[in-house]
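K.L.:
The file below is query.tsv, TSV, C-alpha atoms:
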chain	number	residue	atom	x	y	z
K	1	MET	CA	99.90	103.16	104.02
K	2	ARG	CA	102.13	104.23	106.87
K	3	LYS	CA	102.55	102.48	110.17
K	4	ALA	CA	99.84	103.20	112.71
K	5	PRO	CA	100.75	105.54	115.59
K	6	SER	CA	100.88	104.01	119.06
K	7	GLN	CA	97.69	105.80	120.19
K	8	LEU	CA	95.72	104.19	117.36
K	9	LEU	CA	97.02	100.76	118.35
K	10	ASP	CA	96.07	101.47	121.98
K	11	LEU	CA	92.56	102.40	120.85
K	12	ALA	CA	92.26	99.25	118.75
K	13	VAL	CA	93.36	97.03	121.66
K	14	LEU	CA	90.98	98.70	124.10
K	15	SER	CA	88.13	98.42	121.59
K	16	LEU	CA	88.69	94.68	121.33
K	17	LEU	CA	88.90	94.19	125.09
K	18	ARG	CA	85.62	96.04	125.60
K	19	ASN	CA	84.02	92.98	123.97
K	20	GLY	CA	85.59	90.57	126.46
K	21	ASP	CA	88.82	89.27	127.94
K	22	MET	CA	91.40	88.04	125.44
K	23	HIS	CA	94.88	86.58	125.51
K	24	GLY	CA	97.67	87.99	123.39
K	25	TYR	CA	97.26	85.65	120.42
K	26	GLN	CA	93.52	86.35	120.25
K	27	ILE	CA	94.19	90.09	120.23
K	28	ARG	CA	96.81	89.70	117.52
K	29	LYS	CA	94.50	87.56	115.38
K	30	SER	CA	91.55	89.91	115.81
K	31	LEU	CA	93.65	92.95	114.92
K	32	ALA	CA	94.88	91.24	111.76
K	33	GLU	CA	91.34	90.28	110.73
K	34	THR	CA	89.59	93.55	111.53
K	35	ALA	CA	91.68	96.69	111.94
K	36	GLY	CA	94.69	95.20	110.14
K	37	PRO	CA	93.41	95.92	106.61
K	38	LEU	CA	92.79	99.55	107.60
K	39	PHE	CA	96.14	100.43	109.12
K	40	GLN	CA	99.58	98.89	109.37
K	41	PHE	CA	100.94	97.78	112.70
K	42	SER	CA	103.81	95.56	113.72
K	43	PHE	CA	103.00	92.44	115.71
K	44	GLY	CA	106.18	93.24	117.59
K	45	SER	CA	104.52	96.42	118.84
K	46	LEU	CA	101.48	94.63	120.31
K	47	TYR	CA	103.02	93.35	123.52
K	48	PRO	CA	104.79	96.66	124.27
K	49	ALA	CA	101.37	98.30	123.76
K	50	LEU	CA	99.75	95.85	126.20
K	51	ALA	CA	102.55	96.47	128.71
K	52	ARG	CA	102.12	100.23	128.27
K	53	LEU	CA	98.37	100.00	128.82
K	54	GLU	CA	98.81	97.74	131.85
K	55	GLU	CA	101.32	100.17	133.36
K	56	ARG	CA	98.76	102.96	132.96
K	57	GLY	CA	96.12	100.82	134.66
K	58	ALA	CA	94.02	100.69	131.48
K	59	VAL	CA	94.22	96.90	131.28
K	60	ALA	CA	94.85	94.19	133.84
K	61	SER	CA	96.06	90.66	133.23
K	62	TYR	CA	95.77	87.26	134.85
K	63	LEU	CA	97.07	83.78	134.12
K	64	GLU	CA	94.81	81.08	132.73
K	65	SER	CA	95.79	77.43	132.41
K	66	GLY	CA	94.69	75.20	129.60
K	67	PRO	CA	95.82	72.95	126.73
K	68	THR	CA	97.59	75.03	124.12
K	69	PHE	CA	98.60	74.04	120.62
K	70	ILE	CA	102.16	75.12	119.93
K	71	GLY	CA	102.15	76.81	116.52
K	72	ALA	CA	104.86	78.31	114.34
K	73	THR	CA	106.61	81.37	115.70
K	74	GLY	CA	107.45	83.09	112.44
K	75	SER	CA	111.18	83.38	113.21
K	76	LEU	CA	114.05	81.04	112.33
K	77	THR	CA	115.38	80.74	115.89
K	78	GLY	CA	111.88	80.43	117.32
K	79	ASP	CA	110.92	77.68	114.87
K	80	LEU	CA	114.15	75.83	115.63
K	81	ALA	CA	113.37	75.87	119.36
K	82	LEU	CA	109.81	74.81	118.58
K	83	SER	CA	111.07	71.90	116.48
K	84	LEU	CA	113.28	70.68	119.33
K	85	GLU	CA	110.39	70.94	121.80
K	86	ARG	CA	108.06	69.06	119.47
K	87	SER	CA	110.65	66.29	119.14
K	88	ALA	CA	110.92	66.04	122.91
K	89	ARG	CA	107.15	65.93	123.33
K	90	THR	CA	106.79	63.27	120.64
K	91	THR	CA	109.38	61.17	122.46
K	92	LEU	CA	107.35	61.54	125.64
K	93	GLY	CA	104.16	60.67	123.77
K	94	GLN	CA	102.65	64.09	124.39
K	95	GLY	CA	102.34	65.26	120.78
K	96	ASP	CA	102.15	69.04	120.29
K	97	ARG	CA	99.86	69.73	123.20
K	98	SER	CA	100.76	70.75	126.72
K	99	VAL	CA	99.18	72.47	129.67
K	100	ARG	CA	100.44	76.03	129.61
K	101	GLN	CA	99.54	79.23	131.36
K	102	LYS	CA	98.34	82.03	129.11
K	103	ARG	CA	98.25	85.66	130.13
K	104	VAL	CA	94.75	87.00	129.59
K	105	PHE	CA	94.02	90.71	129.38
K	106	ARG	CA	90.90	92.59	130.43
K	107	ILE	CA	89.95	96.25	130.23
K	108	THR	CA	89.58	98.21	133.48
K	109	ASP	CA	87.45	101.22	134.34
K	110	VAL	CA	90.52	103.35	133.65
K	111	GLY	CA	90.80	101.68	130.25
K	112	LYS	CA	87.16	102.36	129.43
K	113	LYS	CA	87.71	106.03	130.23
K	114	LEU	CA	90.91	106.12	128.16
K	115	HIS	CA	89.05	104.46	125.28
K	116	GLY	CA	86.54	107.31	125.25
K	117	GLN	CA	89.28	109.93	125.48
K	118	LEU	CA	91.19	108.41	122.57
K	119	LEU	CA	88.06	108.35	120.43
K	120	GLU	CA	87.57	112.06	121.07
K	121	THR	CA	91.16	113.29	120.81
K	122	LEU	CA	93.16	110.86	118.65
K	123	PRO	CA	94.88	112.81	115.82
K	124	LEU	CA	93.52	111.70	112.44
K	125	GLU	CA	96.24	112.82	110.07
K	126	SER	CA	95.75	110.38	107.19
K	127	GLU	CA	92.89	108.73	105.36
K	128	GLY	CA	93.91	105.35	106.79
K	129	GLU	CA	93.88	106.68	110.34
K	130	PHE	CA	90.45	108.23	109.84
K	131	MET	CA	89.02	105.02	108.40
K	132	ALA	CA	90.50	102.91	111.19
K	133	TRP	CA	89.16	105.36	113.77
K	134	LEU	CA	85.73	105.29	112.13
K	135	TYR	CA	85.72	101.51	112.26
K	136	LEU	CA	86.63	101.55	115.94
K	137	ALA	CA	84.05	104.26	116.71
K	138	GLN	CA	81.05	102.24	115.54
K	139	ASP	CA	79.44	102.15	118.97
K	140	ALA	CA	80.64	105.59	120.10
K	141	ASP	CA	78.53	108.67	120.81
K	142	LEU	CA	76.94	109.67	117.51
K	143	ALA	CA	77.28	113.42	118.07
K	144	MET	CA	81.02	113.05	118.71
K	145	VAL	CA	81.52	110.94	115.57
K	146	VAL	CA	79.63	113.51	113.49
K	147	GLU	CA	81.71	116.36	114.91
K	148	ARG	CA	84.99	114.62	114.16
K	149	ALA	CA	83.85	113.69	110.64
K	150	ARG	CA	82.93	117.33	110.01
K	151	GLU	CA	86.39	118.38	111.21
K	152	ARG	CA	87.92	115.90	108.79
K	153	LEU	CA	85.78	117.22	105.94
K	154	LEU	CA	86.76	120.84	106.65
K	155	MET	CA	90.44	119.92	106.72
K	156	LEU	CA	90.20	118.05	103.42
K	157	GLU	CA	88.35	120.89	101.71
K	158	THR	CA	91.01	123.35	102.90
K	159	LYS	CA	93.76	121.14	101.55
K	160	LYS	CA	91.99	120.75	98.22
K	161	ARG	CA	91.65	124.51	97.80
K	162	GLY	CA	95.39	124.83	98.39
K	163	ARG	CA	96.14	122.20	95.74
K	164	THR	CA	93.78	123.86	93.28
K	165	ARG	CA	95.53	127.19	93.78
K	166	GLY	CA	98.85	125.41	93.34
K	167	ALA	CA	97.72	123.90	90.03
K	168	ILE	CA	96.84	127.38	88.77
K	169	ALA	CA	100.02	129.04	90.00
K	170	GLU	CA	102.41	126.32	88.83
K	171	SER	CA	103.03	124.85	85.40
K	172	GLY	CA	104.20	121.60	83.88
K	173	LEU	CA	104.84	118.64	86.16
K	174	ARG	CA	104.25	120.58	89.38
K	175	ALA	CA	100.81	121.69	88.21
K	176	GLN	CA	100.00	118.11	87.23
K	177	ILE	CA	101.01	116.86	90.68
K	178	HIS	CA	98.81	119.49	92.35
K	179	ARG	CA	95.85	118.44	90.17
K	180	ARG	CA	96.40	114.77	90.94
K	181	LEU	CA	96.56	115.42	94.68
K	182	ALA	CA	93.43	117.56	94.42
K	183	ASP	CA	91.65	114.66	92.70
K	184	LEU	CA	92.68	112.28	95.50
K	185	LEU	CA	91.44	114.73	98.09
K	186	GLU	CA	88.13	115.08	96.23
K	187	SER	CA	87.72	111.29	96.37
K	188	GLU	CA	88.13	111.27	100.14
K	189	ILE	CA	85.88	114.34	100.47
K	190	GLY	CA	83.15	112.38	98.70
K	191	PHE	CA	83.61	109.47	101.08
K	192	VAL	CA	83.48	111.66	104.21
K	193	ARG	CA	80.38	113.44	102.88
K	194	SER	CA	78.67	110.08	102.39
K	195	VAL	CA	79.63	109.09	105.93
K	196	LEU	CA	78.19	112.32	107.29
K	197	GLY	CA	75.02	111.80	105.28
K	198	ARG	CA	74.44	108.45	106.93
K	199	LEU	CA	75.37	109.69	110.38
K	200	GLU	CA	73.20	112.78	110.22
K	201	THR	CA	70.17	110.77	109.11
K	202	GLY	CA	70.67	108.47	112.08
K	203	THR	CA	71.87	105.44	110.14
K	204	GLY	CA	74.88	105.10	112.44
K	205	ALA	CA	78.58	104.47	111.92
K	206	GLU	CA	78.11	100.71	112.08
K	207	ASN	CA	76.29	100.80	108.71
K	208	VAL	CA	78.85	102.93	106.88
K	209	ASP	CA	80.59	101.07	104.06
K	210	ILE	CA	84.30	101.79	104.54
K	211	HIS	CA	85.64	99.41	101.92
Once you've parsed the file, please lay out its structure as structure tokens.

P.N.:
Amino acid sequence: MRKAPSQLLDLAVLSLLRNGDMHGYQIRKSLAETAGPLFQFSFGSLYPALARLEERGAVASYLESGPTFIGATGSLTGDLALSLERSARTTLGQGDRSVRQKRVFRITDVGKKLHGQLLETLPLESEGEFMAWLYLAQDADLAMVVERARERLLMLETKKRGRTRGAIAESGLRAQIHRRLADLLESEIGFVRSVLGRLETGTGAENVDIH
């Protein structure tokens, strides 16, 4: 599974913030638990994405004070600094807790508009991107989701016909590769057809099994 494009990460962040304000760690954790299994993204790309969205006016941020547990950073230098700070706090009798200011992010009206635009226009070039988009589009306009799913189905069927022709025209290993790719495309075609079946009967994207 290839790394998610920046627009897909933007969409995922905006989708989370539509449910309420969140600080960076909450966003990171939620992405890992929900969209993470559907597409790959680097945690190092999250804060640049938040900065990019804030620069566009799609999100705004504010500082919130509160007790914060200082957890592992995931890097050697970061954990070393953390260890030194923990030692200092233990000496002072403060343990691992301190009052820190956290930057909290919220979606703006501009962000809500961008969220809708991304749902409608985000390129869906791979199966993983389509599945992640479908997950994020669960409360989107049903007609739009159906239209985009139909576009995906048409594209897959076109690709499969090309692979089938390739299997006939080629021989040996190349023909075998074409047949294998055609089989993989047929599997995704079946999935998209089942999605469309549920959508067109009014079941809704939220009830589609994407596992």

K.L.:
Which residues, written as a list of chain:residue names, have at least one atom at most 8 Å from region 13-23 of chain K, with all atoms listed in the file counted and residues fewer than 3 positions away on the same chain left out?

P.N.:
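Residues near the query, excluding close chain neighbours: K:Leu9, K:Asp10, K:Gln26, K:Ile27, K:Ser30, K:Leu31, K:Leu50, K:Lys102, K:Arg103, K:Val104, K:Phe105, K:Arg106, K:Ile107, K:Gly111, K:Lys112, K:His115, K:Leu136.
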
K.L.:
Which neighbours of Glu120 (chain K) fall inside 8 Å, counting only C-alpha atoms, when residues of the same chain fewer than 4 positions from it are skipped, and could you give them as an MDAnalysis selection string?

P.N.:
chainID K and resid 116 144 148

K.L.:
For a quick check of understanding, using only C-alpha atoms, which of K:Arg152, K:Gly166, K:Phe43, K:Gly172 has the smallest distance to Tyr25 (chain K)?

P.N.:
K:Phe43

K.L.:
What does the structure give for the distance between CA of Gly202 (chain K) and CA of Gln138 (chain K), in Å to one decimal?

P.N.:
12.6 Å

K.L.:
Just how far from CA of Val192 (chain K) is CA of Met131 (chain K), in Å to one decimal?

P.N.:
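Separation between CA of Met131 (chain K) and CA of Val192 (chain K): 9.6 Å.
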
K.L.:
As an exercise, work out the distance from CA of Ser171 (chain K) to CA of Phe191 (chain K) in Å and give it to one decimal place.

P.N.:
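Distance between the two atoms: 29.3 Å.
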
K.L.:
Just want the 12 Å neighbourhood of region 176-189 of chain K, counted on all atoms listed in the file, with same-chain residues fewer than 4 positions away dropped. Output as a PyMOL selection string.

P.N.:
chain K and resi 126-128+130-131+149-172+193-196+210

K.L.:
Taking all atoms listed in the file into account, name the residue in K:Arg28, K:Arg174, K:Lys113, K:Arg56 that is nearest to Ala12 (chain K).

P.N.:
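With all atoms listed in the file as the atom set, the closest residue is K:Arg28.
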
K.L.:
Please extract region 18-61 of chain K and write it out with N, CA and C atoms, as a short mmCIF file (atom, residue, chain, number, x, y, z; two decimals), in the first residue's frame.

P.N.:
data_model
loop_
_atom_site.label_atom_id
_atom_site.label_comp_id
_atom_site.auth_asym_id
_atom_site.auth_seq_id
_atom_site.Cartn_x
_atom_site.Cartn_y
_atom_site.Cartn_z
N ARG K 18 -14.48 17.74 12.05
CA ARG K 18 -15.92 18.02 11.94
C ARG K 18 -16.69 17.42 13.12
N ASN K 19 -16.07 16.45 13.81
CA ASN K 19 -16.71 15.84 14.97
C ASN K 19 -16.38 16.56 16.27
N GLY K 20 -15.48 17.56 16.20
CA GLY K 20 -15.13 18.30 17.41
C GLY K 20 -13.68 18.72 17.42
N ASP K 21 -13.36 19.68 18.27
CA ASP K 21 -11.99 20.17 18.38
C ASP K 21 -11.08 19.07 18.92
N MET K 22 -9.84 19.05 18.45
CA MET K 22 -8.88 18.02 18.87
C MET K 22 -7.49 18.61 18.89
N HIS K 23 -6.66 18.13 19.82
CA HIS K 23 -5.26 18.53 19.77
C HIS K 23 -4.48 17.52 18.93
N GLY K 24 -3.24 17.86 18.65
CA GLY K 24 -2.47 17.07 17.69
C GLY K 24 -2.38 15.60 18.02
N TYR K 25 -2.14 15.26 19.30
CA TYR K 25 -2.02 13.85 19.66
C TYR K 25 -3.33 13.11 19.45
N GLN K 26 -4.45 13.76 19.75
CA GLN K 26 -5.75 13.12 19.53
C GLN K 26 -5.98 12.83 18.05
N ILE K 27 -5.59 13.80 17.20
CA ILE K 27 -5.74 13.60 15.76
C ILE K 27 -4.88 12.43 15.31
N ARG K 28 -3.65 12.42 15.76
CA ARG K 28 -2.72 11.34 15.39
C ARG K 28 -3.26 9.98 15.82
N LYS K 29 -3.75 9.90 17.05
CA LYS K 29 -4.28 8.64 17.58
C LYS K 29 -5.51 8.19 16.79
N SER K 30 -6.40 9.13 16.51
CA SER K 30 -7.62 8.80 15.78
C SER K 30 -7.31 8.35 14.35
N LEU K 31 -6.36 9.00 13.71
CA LEU K 31 -5.97 8.59 12.37
C LEU K 31 -5.42 7.17 12.37
N ALA K 32 -4.60 6.86 13.36
CA ALA K 32 -4.00 5.53 13.44
C ALA K 32 -5.07 4.46 13.67
N GLU K 33 -6.10 4.81 14.45
CA GLU K 33 -7.13 3.82 14.80
C GLU K 33 -8.20 3.66 13.73
N THR K 34 -8.42 4.70 12.94
CA THR K 34 -9.51 4.65 11.96
C THR K 34 -8.99 4.57 10.54
N ALA K 35 -8.52 5.69 10.01
CA ALA K 35 -8.08 5.72 8.62
C ALA K 35 -6.74 5.01 8.43
N GLY K 36 -5.94 4.91 9.50
CA GLY K 36 -4.62 4.31 9.39
C GLY K 36 -4.58 2.95 8.72
N PRO K 37 -5.48 2.01 9.08
CA PRO K 37 -5.46 0.71 8.43
C PRO K 37 -5.82 0.75 6.94
N LEU K 38 -6.41 1.86 6.48
CA LEU K 38 -6.84 1.94 5.09
C LEU K 38 -5.83 2.61 4.18
N PHE K 39 -5.00 3.47 4.72
CA PHE K 39 -3.96 4.08 3.91
C PHE K 39 -2.77 4.45 4.78
N GLN K 40 -1.60 4.47 4.18
CA GLN K 40 -0.39 4.76 4.92
C GLN K 40 -0.15 6.26 4.96
N PHE K 41 0.23 6.75 6.11
CA PHE K 41 0.63 8.14 6.23
C PHE K 41 1.71 8.23 7.28
N SER K 42 2.57 9.20 7.15
CA SER K 42 3.66 9.40 8.09
C SER K 42 3.19 10.35 9.18
N PHE K 43 3.46 9.99 10.44
CA PHE K 43 3.11 10.89 11.53
C PHE K 43 3.86 12.21 11.38
N GLY K 44 5.04 12.15 10.73
CA GLY K 44 5.79 13.36 10.49
C GLY K 44 5.11 14.31 9.53
N SER K 45 4.14 13.78 8.76
CA SER K 45 3.43 14.62 7.80
C SER K 45 2.18 15.27 8.39
N LEU K 46 1.80 14.86 9.61
CA LEU K 46 0.56 15.37 10.21
C LEU K 46 0.65 16.85 10.54
N TYR K 47 1.71 17.25 11.22
CA TYR K 47 1.80 18.65 11.63
C TYR K 47 2.02 19.59 10.45
N PRO K 48 2.80 19.19 9.43
CA PRO K 48 2.83 20.02 8.21
C PRO K 48 1.45 20.14 7.57
N ALA K 49 0.65 19.05 7.63
CA ALA K 49 -0.70 19.11 7.07
C ALA K 49 -1.56 20.09 7.86
N LEU K 50 -1.46 20.04 9.19
CA LEU K 50 -2.22 20.98 10.03
C LEU K 50 -1.79 22.42 9.76
N ALA K 51 -0.47 22.62 9.61
CA ALA K 51 0.02 23.97 9.31
C ALA K 51 -0.48 24.44 7.95
N ARG K 52 -0.50 23.53 6.99
CA ARG K 52 -0.98 23.86 5.64
C ARG K 52 -2.47 24.23 5.68
N LEU K 53 -3.24 23.45 6.41
CA LEU K 53 -4.67 23.73 6.51
C LEU K 53 -4.94 25.03 7.26
N GLU K 54 -4.13 25.31 8.28
CA GLU K 54 -4.31 26.55 9.04
C GLU K 54 -3.94 27.76 8.18
N GLU K 55 -2.90 27.60 7.36
CA GLU K 55 -2.51 28.70 6.47
C GLU K 55 -3.61 29.01 5.46
N ARG K 56 -4.33 27.97 5.03
CA ARG K 56 -5.42 28.16 4.08
C ARG K 56 -6.69 28.66 4.75
N GLY K 57 -6.69 28.72 6.08
CA GLY K 57 -7.88 29.16 6.80
C GLY K 57 -8.89 28.06 7.01
N ALA K 58 -8.51 26.81 6.71
CA ALA K 58 -9.42 25.68 6.84
C ALA K 58 -9.54 25.21 8.29
N VAL K 59 -8.49 25.43 9.07
CA VAL K 59 -8.54 25.13 10.50
C VAL K 59 -7.99 26.33 11.26
N ALA K 60 -8.39 26.46 12.49
CA ALA K 60 -7.85 27.47 13.39
C ALA K 60 -7.38 26.75 14.64
N SER K 61 -6.49 27.36 15.39
CA SER K 61 -5.97 26.72 16.58
C SER K 61 -5.97 27.69 17.76
#
